[in-house]
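See structure below.
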There are 2 protein chains.
Amino acid sequence: MIERIAILGTGLLGTSVGLALRAAGFRGSIAGWNRTPEAAQVALEMGAIDFIAKHFLEIGRKCDVVLLAVPIHTTIDFMEQMAGLLGPHQLVTDVGSTKREIAAAASRLYNRKGRAAFLPGHPMAGKEQGGAALAEANLFRGAAWLFTPVAGREGTGFSPYEISPENIGALAPGGISPRASDLITEWRAWVAKFGAKIVDLDPTRHDELVAWVSHLPQFVSTALGALLENEVGDAPELKEIGGRALREMTRLAASPYSMWRDIAHTNTAQIEAVLHAFEQRVAHLRENLRTPVLRDEFEQANRFRR
Amino acid sequence: MIERIAILGTGLLGTSVGLALRAAGFRGSIAGWNRTPEAAQVALEMGAIDFIAKHFLEIGRKCDVVLLAVPIHTTIDFMEQMAGLLGPHQLVTDVGSTKREIAAAASRLYNRKGRAAFLPGHPMAGKEQGGAALAEANLFRGAAWLFTPVAGREGTGFSPYEISPENIGALAPGGISPRASDLITEWRAWVAKFGAKIVDLDPTRHDELVAWVSHLPQFVSTALGALLENEVGDAPELKEIGGRALREMTRLAASPYSMWRDIAHTNTAQIEAVLHAFEQRVAHLRENLRTPVLRDEFEQANRFRR
């Protein structure tokens, strides 16, 4: 039933979705839009999109599904600009790394009478560098694809999740047209065909959870890379000494600020909390290098990897 | 000239050295000893050693080169037990991860008239699990193999390094016999044939440096794994959400306490210092999630990876 998809933002994720759709057998049309047309050209040449759209609002109005694959603040900006122009026969979804602010915007602007449906999404896949050129049809294979549905009607295939003050409004039944509800079901089926594992979460729980399993590892690697650049950066031969362990622990340190700024800005309190807990844990380990507590810490860490 | 080698400790490193010697064309005999004979049996079946020795002192006395591939405290214990029994025609070397205490023992017990030579060594290679079964002939390919020579005679091929109060005694010329000096040159040549990159360092500088590039990444991963086990360990499905970034940042968290206890005990002050610096760096980042400093930190970390 999905015949036309618009991918707004042909970076690593947007372009990979286009490639994954084609690899999974999608036969409809895929339009691509990007702020810098060069990136859209790369996506076009890779076969991820069929043509380049000039205006994101114009192409958005013409498609069944609009995928927002732009930074989080841009996602919210586009949601606001599109809300009044799209209709109840359309679905908008996204790939943003934090979901509380996006789900709140969806509650405010979508999933209500006369408006398009919005399904917040977050594929747990990426690379330490972005860009269409690094896109892959298999990027999502084996990865989780999180959704924080802001509509909970029976029969849409959503798992139940806790109702929080932030999403209660959007959970009102009847806010999504039967057609948009079918589009949601079909979009989730395409995501499953990408090889991703779908998990439904409450948006607040989502942001707490990704602070632990995604944002914490990133900021730890960035802090490690920044510190080591200060300490041994002037002696490049010393980097070689570190070997695989050092390379692996600082791979994420190559991630650019541009990919993380909006995440830090839209999940600040949660990231502060996990970093603070982590600092305390490192201090605990440091204070016990010669006590039996060190054994307990290693054993606790070993359990995580089992 | 090296005809007989004894590998004391047929774990991951000892067994890999045996395999690497064979792969590099060593045609002499290789004896293996291990505290638990089962591990020596595995090394024997893999072709890393030619036979299993019953007594480490007895086999040590009969070989040209004795490789200590046991934990650091055991290395020092064996050095003490062997010192009076070996002669100036023999070379003892090791693979311990910290070098200050081992180099100090070497100064005290070896490299002097009537005694064997001792060349402290440290291959920067390993895995998060030990054991002969995981050994590989290529384990050292592309890795650094650090030496902290405790003799500095002309013509032995050693790079100069800073003389510290701890090794000054051992630097006295004439402490090593011409034959032991040749054994050192040949052992270094075998290590080069393993594909390792030889780097000579002062033992104090070695321990400072590995605290940054090896011990810090390990303890960071252990702290991260231990913390996450507390926070999300009761919900195994949540581990899956993290994806590659989380898996990579916690791979080292699988390392057992037994592999790190002696390192923590013999490099405590340096590890404390780097962990403390790291805690401060994480706190700095946490306090600046919404300021331009976050950009500086990302850019500094990016430089480390260039």
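Each chain in the structure tokens gets a letter, A, B and so on, in the order shown; residues start at 1 in every chain, and ligands are counted from 1 in the order they appear.
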
**Message:** Could you list, as a list in words, every residue within 10 Å of Arg247 (chain B), counting only C-alpha atoms and ignoring same-chain residues fewer than 4 positions away?
**Reply:**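 Listing them by chain and then by number gives Val213, Pro217 and Arg305 of chain A; Gly225, Lys239, Glu240, Gly242, Gly243, Arg251, Leu252 and Ala253 of chain B.
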
**Message:** Going by DSSP on the backbone, which residues of region 20-209 of chain B come out as helix (DSSP H, G or I)? List them as an MDAnalysis selection string.
**Reply:** chainID B and resid 20:23 37:45 56:62 72:83 100:109 132:134 169:171 178:193 203:209

Could you save those same residues with C-alpha atoms as a compact mmCIF listing (two decimals), in the first residue's frame?
```txt
# COMPACT_ATOMS: atom_id res chain seq x y z
CA ALA B 20 55.34 -18.02 16.34
CA LEU B 21 58.85 -19.51 16.73
CA ARG B 22 57.86 -22.52 14.62
CA ALA B 23 56.12 -20.34 12.02
CA PRO B 37 49.82 -29.99 33.06
CA GLU B 38 46.53 -29.92 31.08
CA ALA B 39 47.44 -26.53 29.57
CA ALA B 40 50.90 -27.81 28.62
CA GLN B 41 49.19 -30.78 26.93
CA VAL B 42 47.12 -28.40 24.79
CA ALA B 43 50.27 -26.48 23.80
CA LEU B 44 51.94 -29.79 22.92
CA GLU B 45 49.01 -30.89 20.76
CA PHE B 56 60.72 -25.57 35.73
CA LEU B 57 64.10 -25.17 37.49
CA GLU B 58 65.51 -28.31 35.95
CA ILE B 59 64.48 -27.44 32.40
CA GLY B 60 65.51 -23.81 32.88
CA ARG B 61 69.05 -24.91 33.70
CA LYS B 62 69.28 -26.90 30.44
CA ILE B 72 54.09 -10.88 37.24
CA HIS B 73 54.45 -11.98 40.85
CA THR B 74 55.19 -15.53 39.69
CA THR B 75 57.75 -14.13 37.23
CA ILE B 76 59.61 -12.40 40.06
CA ASP B 77 59.34 -15.51 42.22
CA PHE B 78 60.82 -17.69 39.43
CA MET B 79 63.54 -15.08 38.77
CA GLU B 80 64.60 -15.37 42.39
CA GLN B 81 64.54 -19.17 42.38
CA MET B 82 66.49 -19.44 39.11
CA ALA B 83 69.11 -16.70 39.57
CA ARG B 100 59.53 -1.61 36.88
CA GLU B 101 59.49 -4.37 39.48
CA ILE B 102 60.74 -7.00 37.03
CA ALA B 103 63.58 -4.73 35.82
CA ALA B 104 64.50 -4.01 39.44
CA ALA B 105 64.67 -7.76 40.17
CA ALA B 106 66.77 -8.21 37.01
CA SER B 107 69.19 -5.51 38.19
CA ARG B 108 69.45 -7.17 41.56
CA LEU B 109 69.77 -10.79 40.43
CA ALA B 132 46.66 -22.13 25.28
CA ALA B 133 43.61 -23.00 23.18
CA LEU B 134 43.29 -19.38 21.98
CA GLY B 169 73.43 -0.70 38.58
CA ALA B 170 72.57 -3.08 35.79
CA LEU B 171 73.89 -0.73 33.13
CA PRO B 178 79.54 -12.12 25.00
CA ARG B 179 77.50 -15.31 24.54
CA ALA B 180 74.49 -13.95 26.44
CA SER B 181 74.82 -10.75 24.47
CA ASP B 182 74.56 -12.80 21.26
CA LEU B 183 71.53 -14.64 22.67
CA ILE B 184 69.88 -11.27 23.28
CA THR B 185 70.57 -10.17 19.71
CA GLU B 186 69.17 -13.43 18.38
CA TRP B 187 66.07 -13.36 20.60
CA ARG B 188 65.31 -9.84 19.41
CA ALA B 189 65.67 -11.07 15.82
CA TRP B 190 63.12 -13.86 16.45
CA VAL B 191 60.70 -11.34 17.94
CA ALA B 192 61.12 -9.20 14.82
CA LYS B 193 60.37 -12.31 12.71
CA PRO B 203 61.20 0.62 32.70
CA THR B 204 59.71 3.60 34.56
CA ARG B 205 58.67 5.24 31.28
CA HIS B 206 57.24 1.89 30.19
CA ASP B 207 54.99 1.63 33.21
CA GLU B 208 53.79 5.24 32.83
CA LEU B 209 53.06 4.73 29.17
```

**Asked** Taking into account only C-alpha atoms, which residue in the set A:Phe194, A:Tyr110, A:Trp212, A:Phe26 is nearest to Gln270 (chain A)?
**Response** A:Trp212

**Message:** Can you measure CA of Thr266 (chain B) to CA of Gly96 (chain B) for me? One decimal in Å is fine.
**Reply:**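 Distance between the two atoms: 10.6 Å.
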
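Between CA of Glu272 (chain A) and CA of Leu224 (chain B) the interatomic distance comes to 15.2 Å.
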
**Prompt:** What separation in Å, quoted to one decimal, exists between CA of Leu86 (chain B) and CA of Thr148 (chain B)?
**Reply:** 21.0 Å

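Counting only C-alpha atoms, the residue from B:Met124, B:Gly130, B:Ala135, B:Arg141 that sits nearest to chain A is B:Met124.
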
**Asked** Counting only C-alpha atoms, what is within 10 Å of Gly233 (chain A), bar same-chain residues fewer than 5 positions away, as a PyMOL selection string?
**Response** (chain A and resi 225-228+238-239) or (chain B and resi 300+303-305)

Restricted to N, CA and C atoms, what would the selected residues look like written as a PDB file, in the first residue's frame?
```pdb
ATOM      1  N   GLY A 225      39.497   9.544  24.370  1.00  0.00           N
ATOM      2  CA  GLY A 225      40.259  10.039  23.226  1.00  0.00           C
ATOM      3  C   GLY A 225      40.820  11.433  23.480  1.00  0.00           C
ATOM      4  N   ALA A 226      39.995  12.309  24.044  1.00  0.00           N
ATOM      5  CA  ALA A 226      40.440  13.684  24.296  1.00  0.00           C
ATOM      6  C   ALA A 226      41.588  13.695  25.310  1.00  0.00           C
ATOM      7  N   LEU A 227      41.467  12.891  26.370  1.00  0.00           N
ATOM      8  CA  LEU A 227      42.507  12.823  27.399  1.00  0.00           C
ATOM      9  C   LEU A 227      43.810  12.259  26.823  1.00  0.00           C
ATOM     10  N   LEU A 228      43.704  11.179  26.061  1.00  0.00           N
ATOM     11  CA  LEU A 228      44.898  10.556  25.494  1.00  0.00           C
ATOM     12  C   LEU A 228      45.558  11.460  24.455  1.00  0.00           C
ATOM     13  N   LEU A 238      53.508   6.313  20.058  1.00  0.00           N
ATOM     14  CA  LEU A 238      52.989   5.729  21.292  1.00  0.00           C
ATOM     15  C   LEU A 238      51.577   5.191  21.107  1.00  0.00           C
ATOM     16  N   LYS A 239      50.827   5.790  20.173  1.00  0.00           N
ATOM     17  CA  LYS A 239      49.485   5.278  19.896  1.00  0.00           C
ATOM     18  C   LYS A 239      49.572   3.833  19.420  1.00  0.00           C
TER      19      LYS A 239
ATOM     20  N   GLN B 300      39.019  17.425  20.050  1.00  0.00           N
ATOM     21  CA  GLN B 300      40.253  16.905  20.635  1.00  0.00           C
ATOM     22  C   GLN B 300      40.290  15.373  20.494  1.00  0.00           C
ATOM     23  N   ARG B 303      40.983  14.288  16.948  1.00  0.00           N
ATOM     24  CA  ARG B 303      42.413  14.390  16.598  1.00  0.00           C
ATOM     25  C   ARG B 303      43.163  13.127  16.993  1.00  0.00           C
ATOM     26  N   PHE B 304      42.798  12.553  18.136  1.00  0.00           N
ATOM     27  CA  PHE B 304      43.488  11.340  18.579  1.00  0.00           C
ATOM     28  C   PHE B 304      43.331  10.218  17.557  1.00  0.00           C
ATOM     29  N   ARG B 305      42.208  10.194  16.864  1.00  0.00           N
ATOM     30  CA  ARG B 305      41.931   9.105  15.923  1.00  0.00           C
ATOM     31  C   ARG B 305      42.445   9.365  14.517  1.00  0.00           C
TER      32      ARG B 305
END
```

**Message:** Would you pick out the contacts of region 89-91 of chain A at 6 Å or less, using only C-alpha atoms, so that residues sharing its chain but fewer than 3 positions from it are not included, and give the list as a ChimeraX atom specification?
**Reply:** /A:64-65,116-118,179-180

**Request:** as a PyMOL selection string, list the residues of region 29-253 of chain B assigned to strand (DSSP E or B) by DSSP on the backbone atoms of this structure.
**Result:** chain B and resi 29-33+51-52+65-68+91-94+117-119+121-123+144-147+197-200

**Test item: residues at most 6 Å from Ala31 (chain A), only C-alpha atoms, excluding those fewer than 3 positions along its chain, as a count of residues only** = 5

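Distances to His122 (chain B) were evaluated for A:Ile241, A:Leu201, A:Asn230, A:Thr268 using only C-alpha atoms, and the minimum falls at A:Ile241.
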
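When only C-alpha atoms are used to compute distances to Asp200 (chain B), the closest of the residues B:Pro120, B:Gly126, B:Pro292, B:Gly28 turns out to be B:Pro120.
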
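If you count only C-alpha atoms and ignore residues fewer than 4 places along the chain from Asn267 (chain A), what sits within 8 Å of it is Thr98, Asp207, Ala211, Ile263 and Ile271 of chain A.
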
How would the residues just chosen look if you wrote them out with all heavy atoms as a PDB file, in the first residue's frame?
```pdb
ATOM      1  N   THR A  98      17.168  10.563  20.174  1.00  0.00           N
ATOM      2  CA  THR A  98      16.424  10.750  21.426  1.00  0.00           C
ATOM      3  C   THR A  98      14.960  10.887  21.044  1.00  0.00           C
ATOM      4  O   THR A  98      14.632  11.351  19.942  1.00  0.00           O
ATOM      5  CB  THR A  98      16.886  11.988  22.220  1.00  0.00           C
ATOM      6  OG1 THR A  98      16.543  13.172  21.493  1.00  0.00           O
ATOM      7  CG2 THR A  98      18.399  11.953  22.477  1.00  0.00           C
ATOM      8  N   ASP A 207      14.672   7.192  26.376  1.00  0.00           N
ATOM      9  CA  ASP A 207      15.778   8.133  26.563  1.00  0.00           C
ATOM     10  C   ASP A 207      16.652   7.757  27.753  1.00  0.00           C
ATOM     11  O   ASP A 207      17.877   7.960  27.721  1.00  0.00           O
ATOM     12  CB  ASP A 207      15.248   9.570  26.700  1.00  0.00           C
ATOM     13  CG  ASP A 207      14.841  10.142  25.344  1.00  0.00           C
ATOM     14  OD1 ASP A 207      14.766   9.367  24.371  1.00  0.00           O
ATOM     15  OD2 ASP A 207      14.594  11.359  25.259  1.00  0.00           O
ATOM     16  N   ALA A 211      20.576   6.419  27.137  1.00  0.00           N
ATOM     17  CA  ALA A 211      21.635   7.119  27.882  1.00  0.00           C
ATOM     18  C   ALA A 211      22.637   6.093  28.412  1.00  0.00           C
ATOM     19  O   ALA A 211      23.848   6.309  28.355  1.00  0.00           O
ATOM     20  CB  ALA A 211      21.043   7.934  29.035  1.00  0.00           C
ATOM     21  N   ILE A 263      21.849  15.343  20.497  1.00  0.00           N
ATOM     22  CA  ILE A 263      21.606  14.292  21.503  1.00  0.00           C
ATOM     23  C   ILE A 263      21.927  14.843  22.892  1.00  0.00           C
ATOM     24  O   ILE A 263      21.134  14.699  23.828  1.00  0.00           O
ATOM     25  CB  ILE A 263      22.450  13.036  21.187  1.00  0.00           C
ATOM     26  CG1 ILE A 263      22.003  12.428  19.846  1.00  0.00           C
ATOM     27  CG2 ILE A 263      22.366  12.016  22.322  1.00  0.00           C
ATOM     28  CD1 ILE A 263      22.883  11.293  19.330  1.00  0.00           C
ATOM     29  N   ILE A 271      21.929  12.038  30.466  1.00  0.00           N
ATOM     30  CA  ILE A 271      23.355  11.821  30.202  1.00  0.00           C
ATOM     31  C   ILE A 271      24.183  12.281  31.405  1.00  0.00           C
ATOM     32  O   ILE A 271      25.140  11.602  31.807  1.00  0.00           O
ATOM     33  CB  ILE A 271      23.792  12.529  28.897  1.00  0.00           C
ATOM     34  CG1 ILE A 271      23.036  11.928  27.704  1.00  0.00           C
ATOM     35  CG2 ILE A 271      25.293  12.413  28.685  1.00  0.00           C
ATOM     36  CD1 ILE A 271      23.234  12.681  26.383  1.00  0.00           C
TER      37      ILE A 271
END
```
